[in-house]
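Okay, run.pdb now, which holds PDB, C-alpha atoms and all ligand atoms:
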```
MODEL        1
ATOM      1  CA  MET J  14     -22.460  -0.215  25.830
ATOM      2  CA  ALA J  15     -24.693   2.830  26.280
ATOM      3  CA  ASN J  16     -27.460   3.134  23.692
ATOM      4  CA  ASN J  17     -27.901   6.839  23.899
ATOM      5  CA  VAL J  18     -25.722   7.765  20.966
ATOM      6  CA  GLY J  19     -26.619  10.947  19.127
ATOM      7  CA  SER J  20     -25.748  11.458  15.471
ATOM      8  CA  SER J  21     -23.522  14.483  16.202
ATOM      9  CA  LEU J  22     -19.766  14.434  15.785
ATOM     10  CA  LYS J  23     -17.989  13.017  18.839
ATOM     11  CA  LYS J  24     -15.106  15.138  20.066
ATOM     12  CA  ILE J  25     -11.845  13.514  21.085
ATOM     13  CA  GLY J  26     -10.325  14.645  24.410
ATOM     14  CA  ASP J  27      -6.600  15.362  24.977
ATOM     15  CA  LYS J  28      -6.052  12.158  26.924
ATOM     16  CA  GLU J  29      -7.761   9.943  24.336
ATOM     17  CA  PHE J  30      -6.008  11.661  21.448
ATOM     18  CA  LYS J  31      -2.652  11.027  23.091
ATOM     19  CA  LEU J  32      -3.496   7.416  23.871
ATOM     20  CA  LEU J  33      -4.740   6.586  20.387
ATOM     21  CA  SER J  34      -2.145   8.560  18.425
ATOM     22  CA  ASN J  35       0.755   7.066  20.430
ATOM     23  CA  TYR J  36      -0.640   3.600  20.023
ATOM     24  CA  ILE J  37      -1.203   4.008  16.266
ATOM     25  CA  GLU J  38       2.292   5.389  15.710
ATOM     26  CA  SER J  39       3.895   2.561  17.651
ATOM     27  CA  GLU J  40       1.850  -0.167  15.952
ATOM     28  CA  VAL J  41       1.521   1.123  12.394
ATOM     29  CA  GLY J  42       4.095   3.905  12.144
ATOM     30  CA  ILE J  43       1.581   6.528  11.071
ATOM     31  CA  LYS J  44       2.468   9.876  12.642
ATOM     32  CA  LEU J  45      -0.456  11.688  14.197
ATOM     33  CA  PRO J  46       0.871  14.988  15.579
ATOM     34  CA  PRO J  47      -1.633  17.385  17.269
ATOM     35  CA  ILE J  48      -2.388  19.010  13.918
ATOM     36  CA  LYS J  49      -3.933  15.678  12.816
ATOM     37  CA  ARG J  50      -6.349  15.608  15.718
ATOM     38  CA  SER J  51      -9.463  16.397  13.711
ATOM     39  CA  LEU J  52      -8.405  13.854  11.080
ATOM     40  CA  LEU J  53      -8.214  11.085  13.685
ATOM     41  CA  GLU J  54     -11.475  12.281  15.196
ATOM     42  CA  SER J  55     -13.326  12.219  11.884
ATOM     43  CA  ARG J  56     -11.884   8.906  10.668
ATOM     44  CA  LEU J  57     -12.886   7.110  13.852
ATOM     45  CA  GLN J  58     -16.471   8.422  13.963
ATOM     46  CA  LYS J  59     -17.712   5.417  12.002
ATOM     47  CA  ARG J  60     -16.077   3.025  14.475
ATOM     48  CA  LEU J  61     -17.888   4.652  17.430
ATOM     49  CA  LYS J  62     -21.111   4.607  15.466
ATOM     50  CA  PHE J  63     -20.672   0.989  14.427
ATOM     51  CA  HIS J  64     -20.299  -0.152  18.033
ATOM     52  CA  ASN J  65     -22.824   2.330  19.387
ATOM     53  CA  ILE J  66     -20.131   3.819  21.633
ATOM     54  CA  PRO J  67     -21.041   7.223  23.128
ATOM     55  CA  ASP J  68     -17.603   8.875  23.253
ATOM     56  CA  PHE J  69     -13.862   8.445  22.738
ATOM     57  CA  SER J  70     -13.226   7.643  26.377
ATOM     58  CA  HIS J  71     -15.444   4.555  26.100
ATOM     59  CA  TYR J  72     -13.890   3.784  22.717
ATOM     60  CA  CYS J  73     -10.417   3.707  24.312
ATOM     61  CA  ASP J  74     -11.702   1.341  27.002
ATOM     62  CA  PHE J  75     -13.174  -0.835  24.273
ATOM     63  CA  VAL J  76      -9.906  -0.902  22.276
ATOM     64  CA  PHE J  77      -7.477  -1.303  25.137
ATOM     65  CA  GLU J  78      -9.428  -3.145  27.847
ATOM     66  CA  SER J  79     -12.090  -5.316  26.240
ATOM     67  CA  PRO J  80     -11.649  -8.802  24.772
ATOM     68  CA  GLN J  81     -12.868  -7.446  21.396
ATOM     69  CA  GLY J  82     -10.065  -4.863  21.417
ATOM     70  CA  VAL J  83      -7.705  -6.998  19.333
ATOM     71  CA  GLN J  84     -10.247  -7.283  16.530
ATOM     72  CA  GLU J  85     -11.146  -3.607  16.803
ATOM     73  CA  VAL J  86      -7.508  -2.580  16.331
ATOM     74  CA  ILE J  87      -7.614  -4.137  12.849
ATOM     75  CA  GLU J  88     -10.724  -2.133  11.978
ATOM     76  CA  MET J  89      -9.282   1.014  13.532
ATOM     77  CA  ILE J  90      -6.138   0.715  11.401
ATOM     78  CA  ASP J  91      -8.338   0.265   8.359
ATOM     79  CA  ALA J  92     -10.192   3.445   9.243
ATOM     80  CA  ILE J  93      -7.099   5.573   9.754
ATOM     81  CA  THR J  94      -4.924   4.521   6.791
ATOM     82  CA  THR J  95      -4.985   6.646   3.654
ATOM     83  CA  ASN J  96      -5.474   4.247   0.794
ATOM     84  CA  LYS J  97      -5.518   6.678  -2.108
ATOM     85  CA  THR J  98      -4.034   5.076  -5.186
ATOM     86  CA  GLU J  99      -4.682   4.861  -8.922
ATOM     87  CA  PHE J 100      -3.675   3.111 -12.090
ATOM     88  CA  MET J 101      -0.750   4.746 -13.904
ATOM     89  CA  ARG J 102       0.299   6.679 -10.819
ATOM     90  CA  GLU J 103       3.694   8.317 -11.394
ATOM     91  CA  PRO J 104       3.984   6.760 -14.882
ATOM     92  CA  GLY J 105       7.683   7.663 -15.244
ATOM     93  CA  HIS J 106       8.432   4.800 -12.853
ATOM     94  CA  PHE J 107       6.897   2.240 -15.194
ATOM     95  CA  GLU J 108       8.762   3.738 -18.126
ATOM     96  CA  PHE J 109      12.053   3.471 -16.219
ATOM     97  CA  MET J 110      11.213  -0.078 -15.211
ATOM     98  CA  VAL J 111      10.638  -1.153 -18.841
ATOM     99  CA  LYS J 112      13.389   0.870 -20.499
ATOM    100  CA  VAL J 113      16.212   0.728 -17.961
ATOM    101  CA  ALA J 114      15.697  -1.684 -15.078
ATOM    102  CA  LEU J 115      14.318  -4.707 -16.935
ATOM    103  CA  PRO J 116      16.797  -4.789 -19.852
ATOM    104  CA  GLU J 117      19.596  -4.719 -17.282
ATOM    105  CA  LEU J 118      18.018  -7.362 -15.043
ATOM    106  CA  VAL J 119      17.032  -9.815 -17.779
ATOM    107  CA  SER J 120      20.520  -9.703 -19.255
ATOM    108  CA  LYS J 121      21.518 -11.662 -16.122
ATOM    109  CA  LYS J 122      18.435 -13.704 -15.209
ATOM    110  CA  ASN J 123      15.108 -14.894 -16.579
ATOM    111  CA  ASP J 124      13.023 -14.943 -13.435
ATOM    112  CA  ILE J 125      12.084 -11.520 -12.094
ATOM    113  CA  LYS J 126      10.627 -11.036  -8.602
ATOM    114  CA  LEU J 127       8.657  -7.870  -7.891
ATOM    115  CA  TRP J 128       7.160  -6.514  -4.682
ATOM    116  CA  SER J 129       4.570  -3.809  -4.203
ATOM    117  CA  ALA J 130       5.017  -2.928  -0.518
ATOM    118  CA  ALA J 131       1.923  -0.975   0.632
ATOM    119  CA  CYS J 132      -0.118  -1.893  -2.436
ATOM    120  CA  SER J 133      -3.464  -0.475  -1.232
ATOM    121  CA  SER J 134      -6.338  -1.759  -3.413
ATOM    122  CA  GLY J 135      -4.129  -3.358  -6.049
ATOM    123  CA  GLN J 136      -3.798  -0.826  -8.857
ATOM    124  CA  GLU J 137      -0.015  -0.566  -8.394
ATOM    125  CA  PRO J 138       0.885  -4.299  -8.430
ATOM    126  CA  TYR J 139      -1.502  -5.012 -11.324
ATOM    127  CA  ASN J 140       0.115  -2.143 -13.220
ATOM    128  CA  MET J 141       3.540  -3.649 -12.515
ATOM    129  CA  ALA J 142       2.363  -6.955 -13.980
ATOM    130  CA  MET J 143       0.920  -5.203 -17.059
ATOM    131  CA  PHE J 144       4.262  -3.537 -17.737
ATOM    132  CA  MET J 145       6.033  -6.873 -17.283
ATOM    133  CA  GLU J 146       3.726  -8.267 -19.991
ATOM    134  CA  GLU J 147       4.540  -5.302 -22.239
ATOM    135  CA  PHE J 148       8.236  -5.875 -21.730
ATOM    136  CA  ILE J 149       7.907  -9.585 -22.473
ATOM    137  CA  GLU J 150       5.866  -8.933 -25.622
ATOM    138  CA  LYS J 151       8.470  -6.552 -27.036
ATOM    139  CA  ASN J 152      11.633  -8.224 -25.762
ATOM    140  CA  LYS J 153      12.035 -11.769 -24.517
ATOM    141  CA  PRO J 154      10.005 -14.206 -22.469
ATOM    142  CA  VAL J 155      10.858 -14.167 -18.775
ATOM    143  CA  ARG J 156       9.061 -15.535 -15.763
ATOM    144  CA  TYR J 157       7.875 -13.086 -13.157
ATOM    145  CA  ARG J 158       5.815 -12.795  -9.971
ATOM    146  CA  VAL J 159       4.471  -9.749  -8.189
ATOM    147  CA  ASP J 160       3.999 -10.042  -4.420
ATOM    148  CA  ALA J 161       1.776  -7.330  -3.037
ATOM    149  CA  THR J 162       1.360  -6.467   0.635
ATOM    150  CA  ASP J 163      -0.467  -3.926   2.756
ATOM    151  CA  ILE J 164      -1.658  -3.509   6.320
ATOM    152  CA  SER J 165      -5.242  -2.612   5.402
ATOM    153  CA  LYS J 166      -7.574  -5.575   5.437
ATOM    154  CA  SER J 167     -10.296  -3.927   3.347
ATOM    155  CA  SER J 168      -7.794  -2.700   0.725
ATOM    156  CA  LEU J 169      -6.351  -6.182   0.349
ATOM    157  CA  ALA J 170      -9.850  -7.632  -0.040
ATOM    158  CA  LYS J 171     -10.588  -5.135  -2.811
ATOM    159  CA  ALA J 172      -7.230  -5.848  -4.464
ATOM    160  CA  GLN J 173      -7.895  -9.559  -4.451
ATOM    161  CA  LYS J 174     -11.285  -9.072  -6.097
ATOM    162  CA  ALA J 175      -9.592  -7.029  -8.840
ATOM    163  CA  VAL J 176     -12.855  -5.267  -9.724
ATOM    164  CA  TYR J 177     -12.786  -1.505 -10.356
ATOM    165  CA  ASN J 178     -15.165   1.231 -11.522
ATOM    166  CA  MET J 179     -14.933   2.445 -15.090
ATOM    167  CA  ALA J 180     -13.806   5.836 -13.764
ATOM    168  CA  ASP J 181     -10.792   4.155 -12.128
ATOM    169  CA  ILE J 182      -9.325   3.345 -15.534
ATOM    170  CA  ASP J 183      -9.702   6.805 -17.059
ATOM    171  CA  MET J 184      -5.921   7.229 -17.048
ATOM    172  CA  VAL J 185      -5.297   3.854 -18.686
ATOM    173  CA  SER J 186      -4.592   3.815 -22.442
ATOM    174  CA  LEU J 187      -7.110   2.235 -24.788
ATOM    175  CA  ASP J 188      -4.542  -0.390 -25.690
ATOM    176  CA  PHE J 189      -4.083  -1.412 -22.025
ATOM    177  CA  LYS J 190      -7.851  -1.362 -21.444
ATOM    178  CA  LYS J 191      -8.309  -3.865 -24.258
ATOM    179  CA  LYS J 192      -5.383  -6.046 -23.290
ATOM    180  CA  TYR J 193      -5.696  -6.222 -19.527
ATOM    181  CA  PHE J 194      -9.294  -5.447 -18.450
ATOM    182  CA  LEU J 195     -12.590  -7.262 -18.848
ATOM    183  CA  LYS J 196     -15.769  -5.185 -18.964
ATOM    184  CA  SER J 197     -18.831  -6.202 -16.965
ATOM    185  CA  LYS J 198     -22.053  -6.671 -18.923
ATOM    186  CA  SER J 199     -24.091  -4.595 -16.479
ATOM    187  CA  LYS J 200     -25.248  -1.302 -18.012
ATOM    188  CA  ASP J 201     -26.394   0.131 -14.663
ATOM    189  CA  ASN J 202     -23.157  -0.544 -12.850
ATOM    190  CA  PRO J 203     -20.378  -0.779 -15.420
ATOM    191  CA  GLU J 204     -17.232  -2.222 -13.899
ATOM    192  CA  VAL J 205     -13.992  -3.764 -15.090
ATOM    193  CA  ARG J 206     -11.997  -6.712 -13.818
ATOM    194  CA  ILE J 207      -8.309  -7.411 -14.301
ATOM    195  CA  LYS J 208      -7.844 -10.270 -16.789
ATOM    196  CA  PRO J 209      -6.771 -13.669 -15.436
ATOM    197  CA  ASN J 210      -3.391 -13.604 -17.250
ATOM    198  CA  ILE J 211      -2.421 -10.661 -15.041
ATOM    199  CA  ARG J 212      -4.170 -11.838 -11.863
ATOM    200  CA  LYS J 213      -2.398 -15.176 -11.916
ATOM    201  CA  ASN J 214       0.975 -13.464 -11.524
ATOM    202  CA  VAL J 215       0.018 -11.224  -8.600
ATOM    203  CA  SER J 216      -0.572 -12.401  -5.037
ATOM    204  CA  PHE J 217      -1.573 -10.488  -1.941
ATOM    205  CA  LYS J 218      -0.868 -10.852   1.743
ATOM    206  CA  PRO J 219      -0.978  -8.650   4.843
ATOM    207  CA  ILE J 220       2.291  -7.178   6.059
ATOM    208  CA  ASN J 221       2.741  -4.381   8.559
ATOM    209  CA  LEU J 222       5.975  -2.783   7.363
ATOM    210  CA  ILE J 223       6.732  -1.432  10.828
ATOM    211  CA  LYS J 224       6.063  -4.394  13.034
ATOM    212  CA  ASP J 225       5.806  -7.689  11.271
ATOM    213  CA  ASN J 226       8.543 -10.139  10.663
ATOM    214  CA  TYR J 227       8.259  -9.928   6.873
ATOM    215  CA  ASP J 228       8.531 -13.701   6.686
ATOM    216  CA  ILE J 229       9.524 -13.526   3.023
ATOM    217  CA  SER J 230      11.968 -16.024   1.593
ATOM    218  CA  GLU J 231      12.175 -14.112  -1.716
ATOM    219  CA  ARG J 232      14.855 -11.674  -2.751
ATOM    220  CA  TYR J 233      13.335  -9.017  -4.989
ATOM    221  CA  ASP J 234      14.631  -7.394  -8.170
ATOM    222  CA  ILE J 235      12.075  -4.604  -8.287
ATOM    223  CA  VAL J 236      10.344  -3.059  -5.277
ATOM    224  CA  PHE J 237       7.742  -0.321  -5.360
ATOM    225  CA  CYS J 238       7.268   1.247  -1.928
ATOM    226  CA  ARG J 239       5.475   4.403  -2.896
ATOM    227  CA  ASN J 240       3.544   6.959  -0.899
ATOM    228  CA  VAL J 241       3.709   5.228   2.447
ATOM    229  CA  LEU J 242       7.001   6.432   3.967
ATOM    230  CA  ILE J 243       5.581   9.963   4.095
ATOM    231  CA  TYR J 244       3.320   8.835   6.935
ATOM    232  CA  PHE J 245       6.238   7.572   9.065
ATOM    233  CA  ASN J 246       8.780   9.404  11.226
ATOM    234  CA  LYS J 247      12.472   9.385  10.194
ATOM    235  CA  GLU J 248      13.343   6.512  12.497
ATOM    236  CA  ASN J 249      10.611   4.286  11.100
ATOM    237  CA  GLN J 250      11.443   5.328   7.535
ATOM    238  CA  TYR J 251      15.015   4.221   8.135
ATOM    239  CA  LYS J 252      13.916   0.957   9.687
ATOM    240  CA  VAL J 253      11.480   0.116   6.893
ATOM    241  CA  ILE J 254      13.911   1.009   4.094
ATOM    242  CA  SER J 255      16.632  -1.042   5.727
ATOM    243  CA  ARG J 256      14.410  -4.060   6.017
ATOM    244  CA  ILE J 257      13.144  -3.714   2.460
ATOM    245  CA  VAL J 258      16.666  -3.340   1.064
ATOM    246  CA  ASP J 259      17.685  -6.492   2.933
ATOM    247  CA  GLN J 260      14.974  -8.299   0.935
ATOM    248  CA  MET J 261      16.418  -7.097  -2.383
ATOM    249  CA  ASN J 262      18.951  -8.642  -4.725
ATOM    250  CA  TYR J 263      22.095  -6.673  -5.555
ATOM    251  CA  GLY J 264      21.402  -4.741  -8.747
ATOM    252  CA  GLY J 265      17.707  -4.562  -7.821
ATOM    253  CA  TYR J 266      15.689  -1.360  -8.111
ATOM    254  CA  LEU J 267      13.680   0.463  -5.449
ATOM    255  CA  PHE J 268      10.994   2.974  -6.419
ATOM    256  CA  LEU J 269       9.655   5.439  -3.837
ATOM    257  CA  GLY J 270       6.888   8.021  -4.224
ATOM    258  CA  HIS J 271       7.918  11.286  -5.875
ATOM    259  CA  SER J 272       7.526  13.231  -2.650
ATOM    260  CA  GLU J 273       9.671  10.753  -0.718
ATOM    261  CA  SER J 274      13.424  10.878  -0.479
ATOM    262  CA  LEU J 275      16.054   8.529   0.827
ATOM    263  CA  ALA J 276      18.454  11.319   1.801
ATOM    264  CA  GLY J 277      20.882   9.734   4.235
ATOM    265  CA  LEU J 278      18.741   6.678   4.803
ATOM    266  CA  ARG J 279      20.821   3.891   3.326
ATOM    267  CA  GLU J 280      24.372   3.807   2.048
ATOM    268  CA  ASN J 281      24.271   1.002  -0.467
ATOM    269  CA  LEU J 282      21.535   2.583  -2.552
ATOM    270  CA  VAL J 283      22.599   4.637  -5.542
ATOM    271  CA  THR J 284      20.198   7.249  -6.892
ATOM    272  CA  LYS J 285      19.408   6.578 -10.535
ATOM    273  CA  GLU J 286      16.701   9.188 -10.946
ATOM    274  CA  ALA J 287      14.639  11.160  -8.449
ATOM    275  CA  SER J 288      12.936   8.530  -6.241
ATOM    276  CA  ILE J 289      14.552   5.565  -8.095
ATOM    277  CA  TYR J 290      17.436   3.696  -6.439
ATOM    278  CA  ARG J 291      19.646   0.724  -7.262
ATOM    279  CA  LYS J 292      21.041  -1.625  -4.607
ATOM    280  CA  GLU J 293      24.825  -1.904  -5.056
TER     281      GLU J 293
HETATM  282  C1  LIG R 301      -1.435   6.199  -0.118
HETATM  283  S1  LIG R 301      -1.448   4.447  -0.185
HETATM  284  C2  LIG R 301      -0.224   4.142  -1.429
HETATM  285  C3  LIG R 301      -0.608   3.012  -2.351
HETATM  286  C4  LIG R 301       0.358   2.788  -3.532
HETATM  287  N1  LIG R 301       1.649   2.367  -3.084
HETATM  288  C5  LIG R 301       0.464   4.026  -4.378
HETATM  289  O1  LIG R 301       1.481   4.712  -4.365
HETATM  290  O2  LIG R 301      -0.494   4.332  -5.077
HETATM  291  C6  LIG R 301      -0.614   4.026   1.327
HETATM  292  C7  LIG R 301      -0.828   2.585   1.748
HETATM  293  O3  LIG R 301       0.075   2.304   2.820
HETATM  294  C8  LIG R 301      -0.561   1.386   3.688
HETATM  295  N2  LIG R 301       0.129   1.398   4.988
HETATM  296  C9  LIG R 301       0.159   2.366   5.930
HETATM  297  N3  LIG R 301       0.900   1.999   6.989
HETATM  298  C10 LIG R 301       1.375   0.755   6.704
HETATM  299  C11 LIG R 301       2.199  -0.178   7.395
HETATM  300  N4  LIG R 301       2.693   0.095   8.604
HETATM  301  N5  LIG R 301       2.479  -1.353   6.802
HETATM  302  C12 LIG R 301       1.971  -1.646   5.572
HETATM  303  N6  LIG R 301       1.186  -0.816   4.865
HETATM  304  C13 LIG R 301       0.891   0.375   5.426
HETATM  305  C14 LIG R 301      -1.995   1.887   3.737
HETATM  306  O4  LIG R 301      -2.880   0.886   4.177
HETATM  307  C15 LIG R 301      -2.218   2.320   2.281
HETATM  308  O5  LIG R 301      -2.839   1.315   1.530
ENDMDL
END
```

Just give me the structure as C-alpha cells.
Amino acid sequence: MANNVGSSLKKIGDKEFKLLSNYIESEVGIKLPPIKRSLLESRLQKRLKFHNIPDFSHYCDFVFESPQGVQEVIEMIDAITTNKTEFMREPGHFEFMVKVALPELVSKKNDIKLWSAACSSGQEPYNMAMFMEEFIEKNKPVRYRVDATDISKSSLAKAQKAVYNMADIDMVSLDFKKKYFLKSKSKDNPEVRIKPNIRKNVSFKPINLIKDNYDISERYDIVFCRNVLIYFNKENQYKVISRIVDQMNYGGYLFLGHSESLAGLRENLVTKEASIYRKE
C-alpha cells in the first residue's frame, strides 16, 4: 500500500460511496442515503489511516478484493455503527417491565428469559438484570437470564468487561449504585464495574439482526430492541421484527425505542403503551 498518506481528510468519490453504502445496507441494514455521505466519509477516516491507505478507491479494493477484506469488513462495521447508549435510558420501559409485564409473566412461570437485541456496550442488558433483581427482592424469587447481542465487536468486548466511567452512572440512583456497582480504588481513573451477581445472569454474543441465522433455541418473555430499527429501511425493519417476534413466547413483551414505531409491521403484536407491545 502506498506510504504517502497525508493527514488531511480523504474525500469519498461517488462510485466509492455507492459501493460502500450499498454493501453496508445489504450486510448490516444501516441506511446510508446521499445525505449521510460525509458521515460515512468521516467514520471511515480512521480505517484508511490505520492501514495507511491513500484514498477511498484503494480502500474499496482492499475491502472487496484483498484477502484481508473479510477481516476489514468487521472493523468497518464497527466504525460505522452508532453505539450511543446509557444506563437508565427511557426509564419508563423499566417501570413498565417491573409493574406490568413481570407480575403478569411470573403469575404463569418462574423462569423468565430476556433478550437485549442490539445491546451496544452493555448498559441496557445490565439494567434489565438490575430491574429483575429489584422485582425479585420486592415480590417473589424467580430465575432469569438476559441474553445480549450486537453486531459491533468492540461494543461487545466493552460490555463483557462491564467496566464504565463514573460519569456513565450519573443517571443511576444512589441505591442502585450501592447495590449493583463496585468502585475502583484508583483515584486518578475512577471507574465502576457491574457486580458479579448481575454479571452472572447476563451473557453476550454477536448477532447481525439482518443477516445471521439467530441460532437461538430460547423463546423470550421480554425483548428490548431499542434504537436500532431507526437505522434500517422499512423492509428490513419488518424482517427483523418478524424474526424477533418468532423468538418470543405468547404473552411476551417487546420494547422498542421511543422514536420507533411498529405501525403496520406485525399483526399479532398488541400495543400496550407507546413503543411497548405484547405478543398475542
Ligand atoms: C444506538 S445503539 C442502541 C443500544 C441500546 N439498545 C440502547 O437503546 O441504548 C444501536 C446498536 O445497534 C447495533 N446494530 C446496528 N446494526 C445492527 C445489526 N444489523 N445487527 C445487530 N446490531 C446492530 C449497533 O452496533 C449499536 O450497538

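Minimum atom-to-atom distances from J:Ser129, J:Asn35, J:Ser288, J:Asn226 to ligand LIG 301 (chain R) were compared using all atoms listed in the file, and the lowest value belongs to J:Ser129.
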
Considering only C-alpha atoms, return as an MDAnalysis selection string whatever protein or nucleic-acid residues lie within 8 Å of Ala131 in chain J, sequence-local ones (same chain, fewer than 6 positions apart) excluded. chainID J and resid 161:164 238:239 241

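Proximity to ligand LIG 301 (chain R) was assessed for J:Ser255, J:Thr284, J:Ser39, J:Gln173 counting all atoms listed in the file; the smallest distance is recorded for J:Ser39.
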
Distance filter 6 Å around ligand LIG 301 (chain R), atoms: all atoms listed in the file, out as a PyMOL selection string: chain J and resi 41-42+94-99+131-133+137+163-165+220-223+238-241

Report the residues retrieved by the PyMOL selection byres (((chain J and resi 217) around 8) and not hetatm) from the displayed file, expressed as a PyMOL selection string. chain J and resi 160-162+169+172-173+215-216+218-219

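Rounded to one decimal, CA of Val76 in chain J and CA of Met89 in chain J lie 9.0 Å from each other.
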
Mind working out the centre and edge lengths of an axis-aligned box for range 201-214 of chain J, all listed atoms inside, 3 Å added to each side, rounded to one decimal in Å and written as lines of an AutoDock Vina configuration file?
```
center_x = -12.7
center_y = -7.5
center_z = -14.4
size_x = 33.4
size_y = 21.3
size_z = 11.7
```

Record the distance separating CA of Ser134 in chain J and CA of Phe30 in chain J, expressed in Å with one decimal. 28.3 Å

Calculate how many Å separate CA of Ala114 in chain J from CA of Pro209 in chain J, rounding to one decimal.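 The value is 25.5 Å.
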
Test item: residues at most 10 Å from Lys126 in chain J, all atoms listed in the file, excluding those fewer than 4 positions along its chain, as a PyMOL selection string: chain J and resi 156-160+231-236+261-262+265

Residues of the last selection are to be written out with C-alpha atoms, as a short mmCIF file (atom, residue, chain, number, x, y, z; two decimals), in the frame of the given file.
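Okay, part.cif is ready:
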```
data_model
loop_
_atom_site.label_atom_id
_atom_site.label_comp_id
_atom_site.auth_asym_id
_atom_site.auth_seq_id
_atom_site.Cartn_x
_atom_site.Cartn_y
_atom_site.Cartn_z
CA ARG J 156 9.06 -15.54 -15.76
CA TYR J 157 7.88 -13.09 -13.16
CA ARG J 158 5.82 -12.80 -9.97
CA VAL J 159 4.47 -9.75 -8.19
CA ASP J 160 4.00 -10.04 -4.42
CA GLU J 231 12.18 -14.11 -1.72
CA ARG J 232 14.86 -11.67 -2.75
CA TYR J 233 13.34 -9.02 -4.99
CA ASP J 234 14.63 -7.39 -8.17
CA ILE J 235 12.08 -4.60 -8.29
CA VAL J 236 10.34 -3.06 -5.28
CA MET J 261 16.42 -7.10 -2.38
CA ASN J 262 18.95 -8.64 -4.72
CA GLY J 265 17.71 -4.56 -7.82
#
```

Can you pull out every residue within 9 Å of Ser70 in chain J, counting all atoms listed in the file, but drop anything in the same chain fewer than 4 positions away, and send it as JSON, numbers by chain? {"J": [25, 26, 28, 29, 74, 75]}

What residues have an atom no more than 9 Å from (-4.2, 0.3, 13.4) in the file's own frame, counting all atoms listed in the file, and can you write them as a list in words?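 Within the cut-off we find Tyr36, Ile37, Glu38, Glu40, Val41, Ile43, Glu85, Val86, Ile87, Glu88, Met89, Ile90, Asp91, Ala92, Ile93, Thr94, Ile164 and Ser165 of chain J.
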
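For the set J:Glu280, J:Glu117, J:Glu273, J:Asp225, the residue with the smallest atom-to-atom gap to Leu242 in chain J is J:Glu273, counting only C-alpha atoms.
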
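Ranking J:Phe77, J:Arg291, J:Glu103, J:Lys208 by their shortest atom-to-atom distance to His271 in chain J, with only C-alpha atoms included, puts J:Glu103 first.
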